[in-house]
$ cat final27.csv   # CSV, C-alpha atoms
chain,number,residue,atom,x,y,z
R,1,MET,CA,-80.4,117.1,175.0
R,2,ASN,CA,-82.3,118.3,171.9
R,3,THR,CA,-80.7,117.0,168.7
R,4,THR,CA,-81.5,117.0,165.0
R,5,ILE,CA,-80.5,114.0,162.8
R,6,ILE,CA,-80.0,113.8,159.0
R,7,GLU,CA,-80.7,110.1,158.6
R,8,ALA,CA,-80.8,107.7,155.7
R,9,CYS,CA,-80.8,103.9,155.3
R,10,SER,CA,-80.9,101.1,152.7
R,11,CYS,CA,-84.6,100.4,153.1
R,12,PRO,CA,-87.1,101.8,150.6
R,13,MET,CA,-89.2,104.8,151.7
R,14,PHE,CA,-90.4,104.7,154.4
R,15,CYS,CA,-88.1,102.4,156.4
R,16,GLN,CA,-90.3,99.5,157.6
R,17,CYS,CA,-88.1,99.0,160.6
R,18,TYR,CA,-90.3,101.4,162.5
R,19,PHE,CA,-93.3,99.1,162.0
R,20,ASN,CA,-91.7,95.6,161.9
R,21,SER,CA,-89.0,93.5,163.6
R,22,LYS,CA,-87.3,92.8,160.3
R,23,PRO,CA,-85.9,95.4,157.8
R,24,ALA,CA,-86.5,95.3,154.1
R,25,GLY,CA,-85.3,92.4,151.9
R,26,HIS,CA,-82.8,93.2,149.3
R,27,ALA,CA,-82.3,91.1,146.2
R,28,MET,CA,-79.1,89.2,146.1
R,29,ALA,CA,-78.7,87.8,142.6
R,30,GLU,CA,-75.6,85.9,143.4
R,31,MET,CA,-77.4,84.1,146.2
R,32,ALA,CA,-80.6,83.4,144.3
R,33,GLY,CA,-81.5,79.7,144.3
R,34,HIS,CA,-79.2,78.9,147.2
R,35,GLU,CA,-81.1,76.9,149.8
R,36,GLY,CA,-82.4,79.1,152.7
R,37,HIS,CA,-81.7,82.4,151.0
R,38,GLY,CA,-84.5,82.8,148.6
R,39,GLY,CA,-82.6,85.4,146.6
R,40,ALA,CA,-83.0,88.1,149.3
R,41,GLU,CA,-81.0,89.4,152.3
R,42,HIS,CA,-82.6,91.4,155.1
R,43,TYR,CA,-80.6,94.4,156.5
R,44,CYS,CA,-80.9,98.1,157.3
R,45,ARG,CA,-77.6,99.9,156.8
R,46,ALA,CA,-77.8,103.5,157.9
R,47,ASN,CA,-75.9,106.7,158.3
R,48,ASN,CA,-77.0,109.2,160.9
R,49,ALA,CA,-75.4,112.6,161.2
R,50,TYR,CA,-76.3,114.4,164.5
R,51,ARG,CA,-76.1,118.0,165.5
R,52,VAL,CA,-76.9,118.9,169.1
R,53,ASN,CA,-79.1,122.0,169.2
R,54,LYS,CA,-78.9,122.3,173.0
R,55,GLY,CA,-77.9,120.1,175.8
R,56,THR,CA,-75.9,119.5,179.0
R,57,TYR,CA,-74.5,116.5,180.8
R,58,GLY,CA,-73.0,116.7,184.2
R,59,GLY,CA,-72.7,120.4,183.9
R,60,ILE,CA,-71.0,120.2,180.5
R,61,LYS,CA,-72.6,122.0,177.6
R,62,LEU,CA,-73.2,119.9,174.5
R,63,ASP,CA,-74.5,122.7,172.3
R,64,GLY,CA,-73.3,122.5,168.7
R,65,ALA,CA,-71.6,119.1,169.0
R,66,LYS,CA,-71.6,117.0,165.9
R,67,TYR,CA,-71.2,113.2,165.6
R,68,TRP,CA,-71.9,110.5,163.1
R,69,MET,CA,-73.1,106.9,163.4
R,70,SER,CA,-73.0,104.3,160.7
R,71,MET,CA,-74.7,101.1,161.5
R,72,ASP,CA,-76.5,97.9,160.4
R,73,LEU,CA,-79.5,96.8,162.3
R,74,GLY,CA,-79.2,93.2,161.1
R,75,ASP,CA,-81.8,90.9,159.7
R,76,ASP,CA,-84.1,90.5,162.7
R,77,PHE,CA,-84.0,92.7,165.8
R,78,SER,CA,-87.0,91.3,167.6
R,79,ASP,CA,-84.6,90.2,170.4
R,80,GLY,CA,-83.3,93.8,170.8
R,81,GLU,CA,-79.9,93.0,169.3
R,82,PHE,CA,-78.5,95.0,166.3
R,83,ASP,CA,-75.5,94.0,164.2
R,84,TRP,CA,-72.9,96.8,164.4
R,85,ALA,CA,-72.4,100.5,164.8
R,86,ILE,CA,-69.5,102.9,164.4
R,87,ILE,CA,-69.5,106.3,166.0
R,88,THR,CA,-67.3,109.1,164.8
R,89,PHE,CA,-66.9,112.5,166.5
R,90,ASP,CA,-66.1,115.8,164.9
R,91,PRO,CA,-62.6,116.8,166.3
R,92,SER,CA,-64.2,119.9,168.0
R,93,VAL,CA,-66.1,117.6,170.4
R,94,THR,CA,-64.3,117.5,173.8
R,95,PRO,CA,-63.7,114.3,175.8
R,96,GLU,CA,-66.2,115.4,178.4
R,97,GLN,CA,-68.9,116.1,175.7
R,98,ARG,CA,-68.2,112.6,174.2
R,99,GLU,CA,-68.9,110.9,177.5
R,100,GLY,CA,-72.2,112.7,177.9
R,101,ILE,CA,-73.2,112.0,174.3
R,102,LYS,CA,-72.5,108.3,174.6
R,103,ALA,CA,-74.4,108.0,177.8
R,104,ILE,CA,-77.4,109.8,176.4
R,105,MET,CA,-77.3,107.8,173.1
R,106,GLY,CA,-77.4,104.6,175.2
R,107,LYS,CA,-80.9,105.7,176.3
R,108,VAL,CA,-81.9,106.8,172.8
R,109,TYR,CA,-80.9,103.4,171.4
R,110,PRO,CA,-81.5,101.0,174.3
R,111,VAL,CA,-80.4,97.9,172.4
R,112,LYS,CA,-77.5,95.4,172.4
R,113,TRP,CA,-74.9,95.7,169.6
R,114,LYS,CA,-72.9,92.8,168.5
R,115,SER,CA,-70.2,95.3,167.7
R,116,PHE,CA,-69.9,98.9,168.7
R,117,THR,CA,-66.7,100.8,168.0
R,118,GLN,CA,-65.5,104.4,167.9
R,119,ALA,CA,-63.6,105.5,164.8
R,120,THR,CA,-60.8,108.1,164.5
R,121,ASP,CA,-62.1,111.7,164.6
R,122,ALA,CA,-63.2,113.2,161.3
R,123,PRO,CA,-64.6,116.6,160.4
R,124,ILE,CA,-68.4,116.6,159.9
R,125,GLU,CA,-70.2,119.0,157.6
R,126,TRP,CA,-73.9,119.4,158.5
R,127,THR,CA,-76.3,121.7,156.6
R,128,ALA,CA,-80.1,121.5,156.3
R,129,THR,CA,-82.9,123.6,154.8
R,130,ARG,CA,-86.5,122.8,153.9
R,131,GLU,CA,-85.4,121.7,150.4
R,132,LYS,CA,-82.2,119.8,151.0
R,133,ALA,CA,-80.1,118.3,153.8
R,134,THR,CA,-76.4,117.4,153.4
R,135,ALA,CA,-73.9,115.7,155.7
R,136,LYS,CA,-70.4,114.8,154.9
R,137,LEU,CA,-67.9,112.8,157.0
R,138,ASP,CA,-64.3,113.9,156.2
R,139,GLY,CA,-65.4,115.9,153.2
R,140,GLY,CA,-67.4,112.8,151.9
R,141,LYS,CA,-64.3,110.5,151.8
R,142,ALA,CA,-65.5,108.6,154.8
R,143,GLY,CA,-69.3,109.1,154.6
R,144,GLU,CA,-72.0,111.1,152.9
R,145,VAL,CA,-75.8,111.7,153.2
R,146,VAL,CA,-77.8,113.9,150.8
R,147,LEU,CA,-81.5,114.2,151.3
R,148,ASN,CA,-84.0,116.0,149.1
R,149,LYS,CA,-87.5,117.3,150.0
R,150,PHE,CA,-90.4,115.1,149.0
R,151,GLN,CA,-93.1,117.0,147.2
R,152,GLY,CA,-96.3,116.6,149.2
R,153,GLN,CA,-99.9,117.7,148.5
R,154,THR,CA,-98.8,121.3,149.3
R,155,ASP,CA,-95.4,123.0,149.6
R,156,GLU,CA,-95.2,122.0,153.2
R,157,PRO,CA,-92.8,119.2,154.2
R,158,VAL,CA,-94.3,115.7,154.5
R,159,VAL,CA,-94.1,114.8,158.2
R,160,ILE,CA,-95.1,111.6,160.1
R,161,HIS,CA,-96.2,112.4,163.6
R,162,ASN,CA,-97.0,110.2,166.6
R,163,LEU,CA,-94.4,107.6,165.7
R,164,LYS,CA,-91.8,106.6,168.2
R,165,TYR,CA,-88.1,107.1,167.4
R,166,PHE,CA,-86.3,104.2,169.2
R,167,GLY,CA,-86.0,105.1,172.9
R,168,ALA,CA,-86.4,108.8,172.5
R,169,PRO,CA,-89.3,110.0,174.6
R,170,ARG,CA,-90.2,112.9,172.3
R,171,ASN,CA,-89.7,113.9,168.7
R,172,GLU,CA,-91.0,116.6,166.4
R,173,GLY,CA,-91.9,114.2,163.6
R,174,PHE,CA,-90.2,112.4,160.7
R,175,VAL,CA,-89.6,114.8,157.9
R,176,LEU,CA,-89.6,112.6,154.8
R,177,MET,CA,-86.7,113.3,152.4
R,178,PRO,CA,-85.6,110.5,150.1
R,179,ASN,CA,-81.8,110.2,149.8
R,180,GLU,CA,-79.8,111.1,146.8
R,181,VAL,CA,-77.0,109.1,148.3
R,182,GLU,CA,-76.1,107.5,151.7
R,183,ALA,CA,-72.7,106.0,152.0
R,184,TYR,CA,-70.1,104.8,154.5
R,185,ARG,CA,-66.8,104.5,152.7
R,186,LEU,CA,-64.3,103.1,155.2
R,187,GLY,CA,-63.1,99.6,155.8
R,188,ASP,CA,-64.8,96.2,155.4
R,189,LYS,CA,-68.2,97.6,156.4
R,190,ALA,CA,-68.4,100.2,153.6
R,191,PHE,CA,-71.7,100.5,151.7
R,192,GLU,CA,-73.5,102.9,149.4
R,193,TYR,CA,-77.2,103.3,148.4
R,194,LYS,CA,-79.0,105.8,146.2
R,195,GLY,CA,-82.7,106.7,146.1
R,196,THR,CA,-83.6,104.9,149.3
R,197,ASN,CA,-85.1,106.0,152.6
R,198,GLY,CA,-84.2,109.3,154.2
R,199,PHE,CA,-85.6,111.7,156.8
R,200,MET,CA,-84.8,114.4,159.3
R,201,ILE,CA,-85.9,114.2,162.9
R,202,THR,CA,-85.4,116.2,166.1
R,203,PHE,CA,-85.6,114.3,169.3
R,204,ASP,CA,-85.6,115.5,172.9
R,205,ILE,CA,-84.5,113.7,176.1
R,206,ASN,CA,-84.2,115.2,179.6
R,207,ALA,CA,-82.8,114.2,183.0
R,208,LYS,CA,-86.0,112.5,184.2
R,209,ASP,CA,-86.0,110.4,181.0
R,210,MET,CA,-82.4,109.3,181.7
R,211,THR,CA,-83.4,107.8,185.0
R,212,ALA,CA,-86.7,106.3,183.9
R,213,LYS,CA,-86.9,102.5,183.3
R,214,PRO,CA,-87.5,101.6,179.6
R,215,LYS,CA,-91.0,100.7,178.7
R,216,GLY,CA,-91.9,97.5,176.9
$ encode --input "final27.csv" --output "structure tokens"
Amino acid sequence: MNTTIIEACSCPMFCQCYFNSKPAGHAMAEMAGHEGHGGAEHYCRANNAYRVNKGTYGGIKLDGAKYWMSMDLGDDFSDGEFDWAIITFDPSVTPEQREGIKAIMGKVYPVKWKSFTQATDAPIEWTATREKATAKLDGGKAGEVVLNKFQGQTDEPVVIHNLKYFGAPRNEGFVLMPNEVEAYRLGDKAFEYKGTNGFMITFDINAKDMTAKPKG
């Protein structure tokens, strides 16, 4: 499967989770002065909007499938455990495609989740250019990510290469695009951030990778 993600999270640019076992600390004025809190809470609350460019699983084509994951990595993931994730599929994704996607995503994110649930289907809008990337879940009522190109030294996109993306064996680089907004707007796990981390990335995983034992 070759898939492109419009991704954003609550960390400042660039998300320190790719270099540390703890996400960024966020000021909590109402908790300041409370023993053990120190006025900050660590978490990484993210929205990832996926579009499969090309893929197959068990003979089922995955091309064009769109799905969304909202998540919180928690305050410390050195033990390989993340807090929660909610996956939502576009209604056009068939049951067979969903099974394949979930199996592959288990290899891309080889972690334990304290909570992993599947939400009711919702339409996903997914558009991206060099200048801007926009993803909406149920027209923005359920979730939204808007990324804008970061101006580098030249007009070319700013890209981080040679950095691993979770369990994906290959990627084309992190294209840095700070978010205008990243929000999940449903239920008791709703959140919204503006001006924080954002990027686009395309990862690739094949059949040999699916059967290989995880490294490290």
$ residues_around --input "final27.csv" --residues "Asn179 in chain R" --least-positions-apart "4" --cutoff "8 Å" --atoms "all atoms listed in the file" --output "PyMOL selection string"
chain R and resi 8+145-148+194-198
$ write_last_selection --input "final27.csv" --atoms "C-alpha atoms" --output "mmCIF file, in the coordinates of the input"
data_model
loop_
_atom_site.group_PDB
_atom_site.id
_atom_site.type_symbol
_atom_site.label_atom_id
_atom_site.label_comp_id
_atom_site.auth_asym_id
_atom_site.auth_seq_id
_atom_site.Cartn_x
_atom_site.Cartn_y
_atom_site.Cartn_z
ATOM 1 C CA ALA R 8 -80.800 107.700 155.700
ATOM 2 C CA VAL R 145 -75.800 111.700 153.200
ATOM 3 C CA VAL R 146 -77.800 113.900 150.800
ATOM 4 C CA LEU R 147 -81.500 114.200 151.300
ATOM 5 C CA ASN R 148 -84.000 116.000 149.100
ATOM 6 C CA LYS R 194 -79.000 105.800 146.200
ATOM 7 C CA GLY R 195 -82.700 106.700 146.100
ATOM 8 C CA THR R 196 -83.600 104.900 149.300
ATOM 9 C CA ASN R 197 -85.100 106.000 152.600
ATOM 10 C CA GLY R 198 -84.200 109.300 154.200
#
$ residues_around --input "final27.csv" --residues "Ala24 in chain R" --least-positions-apart "5" --cutoff "8 Å" --atoms "all atoms listed in the file" --output "list in words"
Cys11, Pro12, Cys15, Gln16, Cys17, His42, Tyr43 and Cys44 of chain R
$ atom_distance --input "final27.csv" --atom1 "CA of Met210 in chain R" --atom2 "CA of Val93 in chain R"
21.5 Å
$ closest_residue --input "final27.csv" --among "R:Pro91, R:Gly187, R:Gly59, R:Gly25" --to "Asp76 in chain R" --atoms "only C-alpha atoms"
R:Gly25
$ atom_distance --input "final27.csv" --atom1 "CA of Tyr50 in chain R" --atom2 "CA of Met71 in chain R"
13.7 Å
$ decode --input "final27.csv" --residues "range 153-184 of chain R" --atoms "N, CA and C atoms" --output "CSV table (one decimal), in the first residue's frame"
chain,number,residue,atom,x,y,z
R,153,GLN,N,13.8,28.4,2.2
R,153,GLN,CA,14.8,29.3,1.6
R,153,GLN,C,14.5,29.6,0.1
R,154,THR,N,13.9,28.6,-0.6
R,154,THR,CA,13.5,28.8,-1.9
R,154,THR,C,12.0,28.5,-2.0
R,155,ASP,N,11.4,28.4,-3.2
R,155,ASP,CA,10.0,28.2,-3.4
R,155,ASP,C,9.7,26.7,-3.2
R,156,GLU,N,10.7,25.8,-3.1
R,156,GLU,CA,10.5,24.4,-2.9
R,156,GLU,C,9.9,24.1,-1.5
R,157,PRO,N,9.1,23.1,-1.4
R,157,PRO,CA,8.6,22.7,0.0
R,157,PRO,C,9.8,22.4,0.9
R,158,VAL,N,9.6,22.6,2.2
R,158,VAL,CA,10.5,22.2,3.2
R,158,VAL,C,10.3,20.7,3.6
R,159,VAL,N,11.3,19.9,3.4
R,159,VAL,CA,11.1,18.4,3.6
R,159,VAL,C,12.1,17.9,4.5
R,160,ILE,N,11.7,17.1,5.5
R,160,ILE,CA,12.7,16.3,6.3
R,160,ILE,C,12.8,14.9,5.7
R,161,HIS,N,14.0,14.5,5.4
R,161,HIS,CA,14.2,13.2,4.8
R,161,HIS,C,15.0,12.3,5.9
R,162,ASN,N,15.0,11.0,5.6
R,162,ASN,CA,15.8,10.1,6.5
R,162,ASN,C,15.3,10.1,7.9
R,163,LEU,N,14.0,10.3,8.1
R,163,LEU,CA,13.4,10.2,9.4
R,163,LEU,C,12.3,9.2,9.4
R,164,LYS,N,12.3,8.2,10.3
R,164,LYS,CA,11.3,7.1,10.3
R,164,LYS,C,9.9,7.6,10.7
R,165,TYR,N,8.9,7.1,9.9
R,165,TYR,CA,7.5,7.3,10.3
R,165,TYR,C,6.9,6.1,10.9
R,166,PHE,N,6.9,6.0,12.3
R,166,PHE,CA,6.4,4.9,13.0
R,166,PHE,C,7.0,3.6,12.5
R,167,GLY,N,6.1,2.6,12.1
R,167,GLY,CA,6.6,1.3,11.6
R,167,GLY,C,6.6,1.2,10.1
R,168,ALA,N,6.4,2.3,9.4
R,168,ALA,CA,6.4,2.3,7.9
R,168,ALA,C,7.8,2.1,7.5
R,169,PRO,N,8.1,1.1,6.6
R,169,PRO,CA,9.5,0.9,6.2
R,169,PRO,C,10.1,1.9,5.3
R,170,ARG,N,9.2,2.7,4.5
R,170,ARG,CA,9.7,3.7,3.6
R,170,ARG,C,8.7,4.9,3.6
R,171,ASN,N,9.3,6.0,3.4
R,171,ASN,CA,8.5,7.2,3.2
R,171,ASN,C,9.2,8.2,2.3
R,172,GLU,N,8.5,9.1,1.7
R,172,GLU,CA,9.0,10.1,0.8
R,172,GLU,C,9.4,11.4,1.5
R,173,GLY,N,9.4,11.5,2.8
R,173,GLY,CA,9.8,12.7,3.5
R,173,GLY,C,8.6,13.4,4.1
R,174,PHE,N,8.9,14.1,5.2
R,174,PHE,CA,7.9,14.9,5.9
R,174,PHE,C,7.9,16.3,5.3
R,175,VAL,N,6.8,16.6,4.6
R,175,VAL,CA,6.6,17.9,4.0
R,175,VAL,C,6.0,18.9,5.0
R,176,LEU,N,6.8,19.8,5.5
R,176,LEU,CA,6.4,20.6,6.7
R,176,LEU,C,5.3,21.7,6.2
R,177,MET,N,4.2,21.6,6.9
R,177,MET,CA,3.1,22.5,6.6
R,177,MET,C,2.3,22.8,7.9
R,178,PRO,N,2.6,23.9,8.6
R,178,PRO,CA,1.9,24.2,9.8
R,178,PRO,C,0.4,24.3,9.6
R,179,ASN,N,-0.3,23.9,10.7
R,179,ASN,CA,-1.8,23.9,10.5
R,179,ASN,C,-2.4,25.2,10.8
R,180,GLU,N,-3.4,25.5,10.0
R,180,GLU,CA,-4.3,26.6,10.3
R,180,GLU,C,-5.4,26.2,11.3
R,181,VAL,N,-5.7,24.9,11.3
R,181,VAL,CA,-6.6,24.3,12.3
R,181,VAL,C,-6.5,22.8,12.2
R,182,GLU,N,-6.6,22.1,13.3
R,182,GLU,CA,-6.7,20.7,13.4
R,182,GLU,C,-7.7,20.4,14.5
R,183,ALA,N,-8.8,19.7,14.1
R,183,ALA,CA,-9.8,19.5,15.1
R,183,ALA,C,-10.6,18.2,15.0
R,184,TYR,N,-10.9,17.6,16.1
R,184,TYR,CA,-11.9,16.5,16.2
R,184,TYR,C,-13.0,17.0,17.0
